[in-house]
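Just final-v8.csv here, CSV, C-alpha atoms:
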```csv
chain,number,residue,atom,x,y,z
A,1,SER,CA,190.3,172.3,270.6
A,2,LEU,CA,188.9,169.0,269.4
A,3,SER,CA,185.8,169.1,271.7
A,4,GLU,CA,185.0,172.7,270.6
A,5,LEU,CA,185.4,171.7,266.9
A,6,LEU,CA,183.1,168.7,267.3
A,7,TYR,CA,180.6,170.8,269.2
A,8,SER,CA,180.6,173.4,266.4
A,9,LYS,CA,179.8,170.5,264.0
A,10,ASN,CA,176.8,169.5,266.2
A,11,TYR,CA,178.2,166.3,267.6
A,12,ASN,CA,176.8,165.0,270.9
A,13,LEU,CA,179.7,164.7,273.3
A,14,GLY,CA,180.7,162.7,276.4
A,15,LEU,CA,183.8,164.4,277.7
A,16,ILE,CA,186.2,162.9,280.3
A,17,SER,CA,188.7,165.1,282.1
A,18,ARG,CA,190.2,165.6,285.6
A,19,ASP,CA,188.5,169.0,285.7
A,20,PHE,CA,186.4,171.3,283.6
A,21,PRO,CA,187.1,174.9,284.6
A,22,ASP,CA,184.3,177.5,284.9
A,23,ASP,CA,185.5,179.2,281.8
A,24,TYR,CA,185.4,176.0,279.7
A,25,PRO,CA,184.0,177.0,276.3
A,26,ILE,CA,181.4,174.2,276.2
A,27,LYS,CA,178.6,173.8,278.8
A,28,GLU,CA,176.7,170.7,279.8
A,29,THR,CA,173.3,170.3,278.3
A,30,GLN,CA,170.7,167.5,278.0
A,31,ASP,CA,168.4,169.6,275.8
A,32,SER,CA,167.2,167.5,272.9
A,33,ASP,CA,167.1,170.6,270.7
A,34,LYS,CA,170.8,171.1,271.1
A,35,ASN,CA,174.0,169.1,271.3
A,36,LYS,CA,173.8,166.6,274.1
A,37,ILE,CA,176.9,167.4,276.2
A,38,LYS,CA,177.9,165.5,279.4
A,39,PHE,CA,181.0,166.0,281.5
A,40,TYR,CA,182.7,163.2,283.4
A,41,ARG,CA,185.2,164.4,286.0
A,42,THR,CA,187.7,161.7,286.9
A,43,ASP,CA,191.3,160.7,286.9
A,44,LEU,CA,191.8,158.1,284.2
A,45,LYS,CA,194.5,156.3,286.2
A,46,TYR,CA,191.7,154.7,288.2
A,47,SER,CA,190.3,151.8,286.1
A,48,ASP,CA,187.2,151.1,288.2
A,49,ARG,CA,186.0,154.7,287.5
A,50,ILE,CA,186.5,154.2,283.8
A,51,THR,CA,184.2,151.2,283.8
A,52,GLU,CA,181.5,153.2,285.7
A,53,ILE,CA,181.8,156.2,283.3
A,54,SER,CA,181.6,153.9,280.2
A,55,LYS,CA,178.3,152.4,281.5
A,56,ASP,CA,176.9,155.9,282.0
A,57,ILE,CA,178.0,156.9,278.5
A,58,ILE,CA,176.3,153.9,277.0
A,59,HIS,CA,173.1,154.7,278.9
A,60,THR,CA,173.1,158.4,278.1
A,61,PHE,CA,173.7,158.3,274.4
A,62,SER,CA,171.6,156.4,271.9
A,63,SER,CA,174.6,155.4,269.8
A,64,ILE,CA,178.4,155.7,270.1
A,65,ASP,CA,179.9,156.6,266.8
A,66,ILE,CA,183.3,157.9,267.8
A,67,LEU,CA,185.7,157.2,270.6
A,68,VAL,CA,188.8,159.4,270.9
A,69,ASN,CA,191.5,158.3,273.3
A,70,ASN,CA,193.5,161.5,273.8
A,71,ALA,CA,194.9,161.4,277.3
A,72,GLY,CA,198.5,162.0,278.0
A,73,TYR,CA,200.7,162.2,281.1
A,74,ASN,CA,204.4,162.3,281.8
A,75,PRO,CA,205.5,164.0,285.0
A,76,LYS,CA,209.2,164.5,284.1
A,77,LYS,CA,212.1,163.6,281.9
A,78,ALA,CA,214.6,161.4,283.6
A,79,SER,CA,216.6,158.2,283.3
A,80,PHE,CA,214.4,155.2,283.6
A,81,ASP,CA,215.9,154.2,287.0
A,82,ASP,CA,215.0,157.7,288.4
A,83,TYR,CA,211.3,157.0,287.9
A,84,SER,CA,209.8,155.4,290.9
A,85,ILE,CA,207.6,152.3,290.3
A,86,GLU,CA,204.6,154.3,291.4
A,87,GLU,CA,205.4,157.0,288.8
A,88,TYR,CA,205.9,154.2,286.2
A,89,ASN,CA,202.5,152.7,287.1
A,90,ASP,CA,200.7,156.0,286.8
A,91,ILE,CA,202.2,156.7,283.4
A,92,ILE,CA,201.2,153.2,282.1
A,93,ASP,CA,197.8,153.4,283.7
A,94,LEU,CA,196.8,156.7,282.0
A,95,ASN,CA,198.6,156.4,278.7
A,96,LEU,CA,198.0,152.7,277.9
A,97,LYS,CA,195.6,151.0,280.3
A,98,ALA,CA,193.0,153.8,280.3
A,99,PRO,CA,192.5,153.8,276.5
A,100,TYR,CA,192.5,150.0,276.5
A,101,ILE,CA,189.8,149.8,279.1
A,102,LEU,CA,187.7,152.5,277.4
A,103,THR,CA,187.9,150.7,274.1
A,104,HIS,CA,187.1,147.4,275.8
A,105,GLU,CA,183.9,148.9,277.2
A,106,ILE,CA,182.7,150.8,274.1
A,107,PHE,CA,183.8,148.2,271.5
A,108,PRO,CA,180.8,145.8,272.0
A,109,ILE,CA,178.4,148.7,271.3
A,110,MET,CA,180.1,149.5,268.0
A,111,LYS,CA,180.1,145.8,267.2
A,112,LYS,CA,176.4,145.6,267.7
A,113,GLN,CA,176.0,148.8,265.5
A,114,ARG,CA,178.4,147.3,263.0
A,115,SER,CA,179.9,150.8,262.7
A,116,GLY,CA,182.0,153.2,264.6
A,117,HIS,CA,185.4,154.9,264.7
A,118,ILE,CA,188.1,154.6,267.3
A,119,ILE,CA,190.8,157.2,267.2
A,120,ASN,CA,193.9,156.8,269.3
A,121,VAL,CA,196.0,159.9,269.6
A,122,ILE,CA,199.4,158.5,270.5
A,123,ALA,CA,202.7,160.5,270.3
A,124,ALA,CA,205.8,160.4,268.1
A,125,MET,CA,207.7,159.1,271.1
A,126,ALA,CA,206.2,155.7,270.3
A,127,TYR,CA,208.6,155.7,267.3
A,128,LEU,CA,211.5,157.9,268.6
A,129,CYS,CA,212.1,156.2,271.9
A,130,LYS,CA,214.4,159.0,273.1
A,131,GLU,CA,216.5,158.7,276.2
A,132,ASN,CA,214.9,159.9,279.5
A,133,TRP,CA,211.4,159.0,278.3
A,134,ALA,CA,211.3,155.3,279.1
A,135,PRO,CA,207.9,154.9,280.8
A,136,TYR,CA,206.1,157.3,278.4
A,137,ALA,CA,207.7,155.9,275.3
A,138,SER,CA,206.8,152.4,276.5
A,139,ALA,CA,203.2,153.3,277.1
A,140,LYS,CA,202.8,155.1,273.8
A,141,ALA,CA,204.5,152.2,271.8
A,142,GLY,CA,202.2,149.8,273.6
A,143,LEU,CA,199.2,151.9,272.6
A,144,LEU,CA,200.4,152.0,269.0
A,145,ALA,CA,200.7,148.2,269.0
A,146,PHE,CA,197.2,147.8,270.5
A,147,SER,CA,195.8,150.2,267.9
A,148,ARG,CA,197.4,148.2,265.0
A,149,VAL,CA,196.0,144.9,266.3
A,150,LEU,CA,192.6,146.4,267.0
A,151,SER,CA,192.4,147.8,263.4
A,152,LYS,CA,192.7,144.2,262.1
A,153,GLU,CA,190.0,142.9,264.5
A,154,ALA,CA,187.6,145.8,264.1
A,155,ILE,CA,187.4,145.7,260.3
A,156,THR,CA,185.2,142.6,260.4
A,157,TYR,CA,182.5,144.7,262.1
A,158,GLY,CA,182.8,147.8,259.9
A,159,ILE,CA,184.6,149.7,262.7
A,160,LYS,CA,187.4,152.1,261.7
A,161,VAL,CA,190.5,152.4,263.8
A,162,THR,CA,192.9,155.4,263.3
A,163,SER,CA,196.2,156.0,265.0
A,164,ILE,CA,197.1,159.7,265.1
A,165,VAL,CA,200.9,160.1,265.8
A,166,PRO,CA,201.7,163.8,266.3
A,167,GLY,CA,205.1,165.3,266.7
A,168,GLY,CA,205.6,168.6,268.6
A,169,ILE,CA,202.4,170.3,269.8
A,170,ASN,CA,202.3,173.7,271.4
A,171,SER,CA,200.0,172.6,274.2
A,172,GLU,CA,199.5,172.8,278.0
A,173,PHE,CA,201.4,169.5,278.2
A,174,ARG,CA,204.6,171.6,277.8
A,175,THR,CA,206.2,173.7,280.5
A,176,GLU,CA,207.0,176.5,278.0
A,177,GLU,CA,205.5,177.9,274.8
A,178,ARG,CA,206.7,176.4,271.6
A,179,PRO,CA,205.2,178.6,268.8
A,180,ASP,CA,207.2,176.7,266.2
A,181,TYR,CA,205.2,173.5,267.0
A,182,MET,CA,201.7,172.6,265.8
A,183,SER,CA,198.8,174.3,267.5
A,184,THR,CA,196.2,172.2,269.2
A,185,GLN,CA,193.7,173.6,266.7
A,186,SER,CA,195.7,172.3,263.7
A,187,VAL,CA,195.8,168.8,265.3
A,188,ALA,CA,192.1,169.0,265.9
A,189,ASP,CA,191.5,169.9,262.3
A,190,VAL,CA,193.4,166.8,261.1
A,191,ILE,CA,191.5,164.5,263.5
A,192,LEU,CA,188.2,165.9,262.1
A,193,GLN,CA,189.4,165.1,258.6
A,194,THR,CA,189.9,161.5,259.6
A,195,ILE,CA,186.4,161.4,261.1
A,196,GLU,CA,184.8,162.9,258.1
A,197,ALA,CA,186.6,160.8,255.5
A,198,PRO,CA,184.3,158.9,253.1
A,199,ASN,CA,182.7,155.8,254.6
A,200,ASP,CA,184.9,153.5,252.4
A,201,VAL,CA,188.1,155.2,253.6
A,202,VAL,CA,190.1,154.8,256.8
A,203,PHE,CA,193.3,156.4,257.9
A,204,HIS,CA,195.0,153.6,259.7
A,205,GLU,CA,198.1,155.4,260.9
A,206,LEU,CA,198.8,159.1,260.4
A,207,ILE,CA,202.0,160.8,261.4
A,208,ILE,CA,201.7,164.6,261.6
A,209,LYS,CA,204.5,167.0,262.4
A,210,PRO,CA,205.1,170.7,262.6
A,211,LEU,CA,206.6,172.2,259.4
A,212,SER,CA,209.8,173.1,261.4
A,213,GLU,CA,210.4,169.6,262.7
A,214,ARG,CA,212.8,167.4,260.8
A,215,ILE,CA,211.8,163.9,260.1
```

Kindly present the structure from the file in structure tokens form.
Amino acid sequence: SLSELLYSKNYNLGLISRDFPDDYPIKETQDSDKNKIKFYRTDLKYSDRITEISKDIIHTFSSIDILVNNAGYNPKKASFDDYSIEEYNDIIDLNLKAPYILTHEIFPIMKKQRSGHIINVIAAMAYLCKENWAPYASAKAGLLAFSRVLSKEAITYGIKVTSIVPGGINSEFRTEERPDYMSTQSVADVILQTIEAPNDVVFHELIIKPLSERI
């Protein structure tokens, strides 16, 4: 939903995903008269691939104004000792290490521009730390801490850093429909509001929840 929304607003987009299905609503184009859209198919658990993609993004686009770290992965709910070390590493690699590396690669460009906006979409689990979510909660809490530190370091260069911390979202991440939760479109609309805030305003940390969810 966010990529479609930004596309409708004529943003140029470099999109990273494991796959882009044939019916994906956005198509790649390098036409200078239209949005410049480029797909990068990869699994973000592999850090060497992230570095390669970052270099291509920097080469492809004349400037990088926004970085949205929006990846999420959790294969199951279980006691922490029922996760294998391999599962733990995969969860940490995708939810924490991948956004850290992407930011590390893109940040120097924004520093040089003395502008930019880094948006980390985290998860309420970073606060809630519920049982049976140990690896995922650890990764998201780590990303929140990174985002908080980064916001202090980035401000010197005119770079905004926003942490979006959503509660329940009715998304493909879930095994069953939850119509009482926020739609992905609603979350995308909120992210766009943070992007289009006045230049002298930054949302540092924004918790969003469905109306039905108790605080």

Separation of CA of Tyr83 in chain A from CA of Gly167 in chain A, in Å and rounded to one decimal:
23.6 Å

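Nearest to Ala145 in chain A of all the residues A:Phe61, A:Phe203, A:Phe107, A:Tyr127 is A:Tyr127, based on all atoms listed in the file.
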
CA of Leu192 in chain A to CA of Ser17 in chain A, distance in Å rounded to a single decimal
20.0 Å

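Remark: for Glu86 in chain A, the closest of the candidate residues A:Ile207, A:Pro135, A:Tyr181, A:Asp19 is A:Pro135 (distances computed over all atoms listed in the file).
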
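Residues in contact range of Glu172 in chain A, defined as at most 10 Å between only C-alpha atoms, with sequence neighbours fewer than 4 positions away removed, read Glu176, Glu177 and Thr184 of chain A.
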
Contacts of range 188-190 of chain A at 8 Å or less, counting only C-alpha atoms, minus same-chain residues fewer than 6 places along, as a count of residues only?
3

Contacts of Lys152 in chain A at 10 Å (all atoms listed in the file; same-chain gap of 6+ positions) as a list in words
Ile159, Lys160, Val161 and His204 of chain A

Which residues are close to Phe20 in chain A, i.e. within 9 Å by all atoms listed in the file, leaving aside same-chain residues fewer than 2 positions away? Reply as a ChimeraX atom specification.
/A:17-18,22-24,39-41

Just the residues within 12 Å of Leu150 in chain A, please, counting all atoms listed in the file, with nothing from its chain fewer than 5 positions along; format it as a PyMOL selection string.
chain A and resi 100+103-104+107+117-120+143-145+155-157+159-163+204

What would range 164-175 of chain A look like with all heavy atoms in place, written as an mmCIF file, keeping the file's coordinate frame?
```cif
data_model
loop_
_atom_site.group_PDB
_atom_site.id
_atom_site.type_symbol
_atom_site.label_atom_id
_atom_site.label_comp_id
_atom_site.auth_asym_id
_atom_site.auth_seq_id
_atom_site.Cartn_x
_atom_site.Cartn_y
_atom_site.Cartn_z
ATOM 1 N N ILE A 164 196.576 158.395 265.346
ATOM 2 C CA ILE A 164 197.100 159.700 265.100
ATOM 3 C C ILE A 164 198.444 159.824 265.837
ATOM 4 O O ILE A 164 198.452 159.718 267.063
ATOM 5 C CB ILE A 164 196.192 160.844 265.451
ATOM 6 C CG1 ILE A 164 194.826 160.692 264.760
ATOM 7 C CG2 ILE A 164 196.821 162.208 265.142
ATOM 8 C CD1 ILE A 164 194.832 160.987 263.293
ATOM 9 N N VAL A 165 199.548 160.042 265.139
ATOM 10 C CA VAL A 165 200.900 160.100 265.800
ATOM 11 C C VAL A 165 201.467 161.476 265.571
ATOM 12 O O VAL A 165 202.153 161.710 264.580
ATOM 13 C CB VAL A 165 201.792 158.992 265.247
ATOM 14 C CG1 VAL A 165 203.076 158.933 266.067
ATOM 15 C CG2 VAL A 165 201.100 157.624 265.258
ATOM 16 N N PRO A 166 201.195 162.405 266.486
ATOM 17 C CA PRO A 166 201.700 163.800 266.300
ATOM 18 C C PRO A 166 203.100 163.971 266.833
ATOM 19 O O PRO A 166 203.510 163.359 267.818
ATOM 20 C CB PRO A 166 200.681 164.611 267.089
ATOM 21 C CG PRO A 166 200.189 163.700 268.163
ATOM 22 C CD PRO A 166 200.278 162.302 267.615
ATOM 23 N N GLY A 167 203.816 164.866 266.176
ATOM 24 C CA GLY A 167 205.100 165.300 266.700
ATOM 25 C C GLY A 167 204.829 166.469 267.687
ATOM 26 O O GLY A 167 203.874 166.430 268.468
ATOM 27 N N GLY A 168 205.657 167.515 267.643
ATOM 28 C CA GLY A 168 205.600 168.600 268.600
ATOM 29 C C GLY A 168 204.282 169.393 268.546
ATOM 30 O O GLY A 168 203.907 169.878 267.477
ATOM 31 N N ILE A 169 203.602 169.520 269.685
ATOM 32 C CA ILE A 169 202.400 170.300 269.800
ATOM 33 C C ILE A 169 202.578 171.391 270.828
ATOM 34 O O ILE A 169 203.058 171.131 271.930
ATOM 35 C CB ILE A 169 201.166 169.436 270.184
ATOM 36 C CG1 ILE A 169 200.986 168.273 269.207
ATOM 37 C CG2 ILE A 169 199.888 170.278 270.239
ATOM 38 C CD1 ILE A 169 199.923 167.281 269.630
ATOM 39 N N ASN A 170 202.206 172.587 270.494
ATOM 40 C CA ASN A 170 202.300 173.700 271.400
ATOM 41 C C ASN A 170 201.073 173.690 272.341
ATOM 42 O O ASN A 170 200.108 174.398 272.122
ATOM 43 C CB ASN A 170 202.399 175.028 270.679
ATOM 44 C CG ASN A 170 202.701 176.204 271.595
ATOM 45 O OD1 ASN A 170 203.263 176.028 272.675
ATOM 46 N ND2 ASN A 170 202.307 177.392 271.175
ATOM 47 N N SER A 171 201.123 172.852 273.362
ATOM 48 C CA SER A 171 200.000 172.600 274.200
ATOM 49 C C SER A 171 200.312 172.820 275.684
ATOM 50 O O SER A 171 201.472 173.071 276.043
ATOM 51 C CB SER A 171 199.433 171.195 274.018
ATOM 52 O OG SER A 171 200.332 170.260 274.579
ATOM 53 N N GLU A 172 199.304 172.691 276.547
ATOM 54 C CA GLU A 172 199.500 172.800 278.000
ATOM 55 C C GLU A 172 200.374 171.691 278.543
ATOM 56 O O GLU A 172 200.833 171.757 279.685
ATOM 57 C CB GLU A 172 198.162 172.856 278.705
ATOM 58 C CG GLU A 172 197.327 174.077 278.364
ATOM 59 C CD GLU A 172 195.976 174.062 279.036
ATOM 60 O OE1 GLU A 172 195.664 173.058 279.719
ATOM 61 O OE2 GLU A 172 195.234 175.047 278.889
ATOM 62 N N PHE A 173 200.560 170.661 277.755
ATOM 63 C CA PHE A 173 201.400 169.500 278.200
ATOM 64 C C PHE A 173 202.849 169.994 278.369
ATOM 65 O O PHE A 173 203.602 169.378 279.103
ATOM 66 C CB PHE A 173 201.328 168.446 277.090
ATOM 67 C CG PHE A 173 201.920 167.119 277.498
ATOM 68 C CD1 PHE A 173 201.306 166.323 278.449
ATOM 69 C CD2 PHE A 173 203.094 166.654 276.913
ATOM 70 C CE1 PHE A 173 201.847 165.098 278.822
ATOM 71 C CE2 PHE A 173 203.642 165.433 277.269
ATOM 72 C CZ PHE A 173 203.013 164.654 278.228
ATOM 73 N N ARG A 174 203.213 171.102 277.723
ATOM 74 C CA ARG A 174 204.600 171.600 277.800
ATOM 75 C C ARG A 174 204.736 172.652 278.889
ATOM 76 O O ARG A 174 203.800 173.374 279.206
ATOM 77 C CB ARG A 174 204.992 172.201 276.433
ATOM 78 C CG ARG A 174 204.900 171.178 275.324
ATOM 79 C CD ARG A 174 205.536 171.635 274.030
ATOM 80 N NE ARG A 174 205.504 170.520 273.083
ATOM 81 C CZ ARG A 174 206.385 169.541 273.055
ATOM 82 N NH1 ARG A 174 207.399 169.551 273.888
ATOM 83 N NH2 ARG A 174 206.273 168.553 272.195
ATOM 84 N N THR A 175 205.940 172.736 279.420
ATOM 85 C CA THR A 175 206.200 173.700 280.500
ATOM 86 C C THR A 175 206.464 175.094 279.957
ATOM 87 O O THR A 175 206.442 176.065 280.709
ATOM 88 C CB THR A 175 207.420 173.246 281.332
ATOM 89 O OG1 THR A 175 208.547 173.072 280.464
ATOM 90 C CG2 THR A 175 207.117 171.919 282.030
#
```
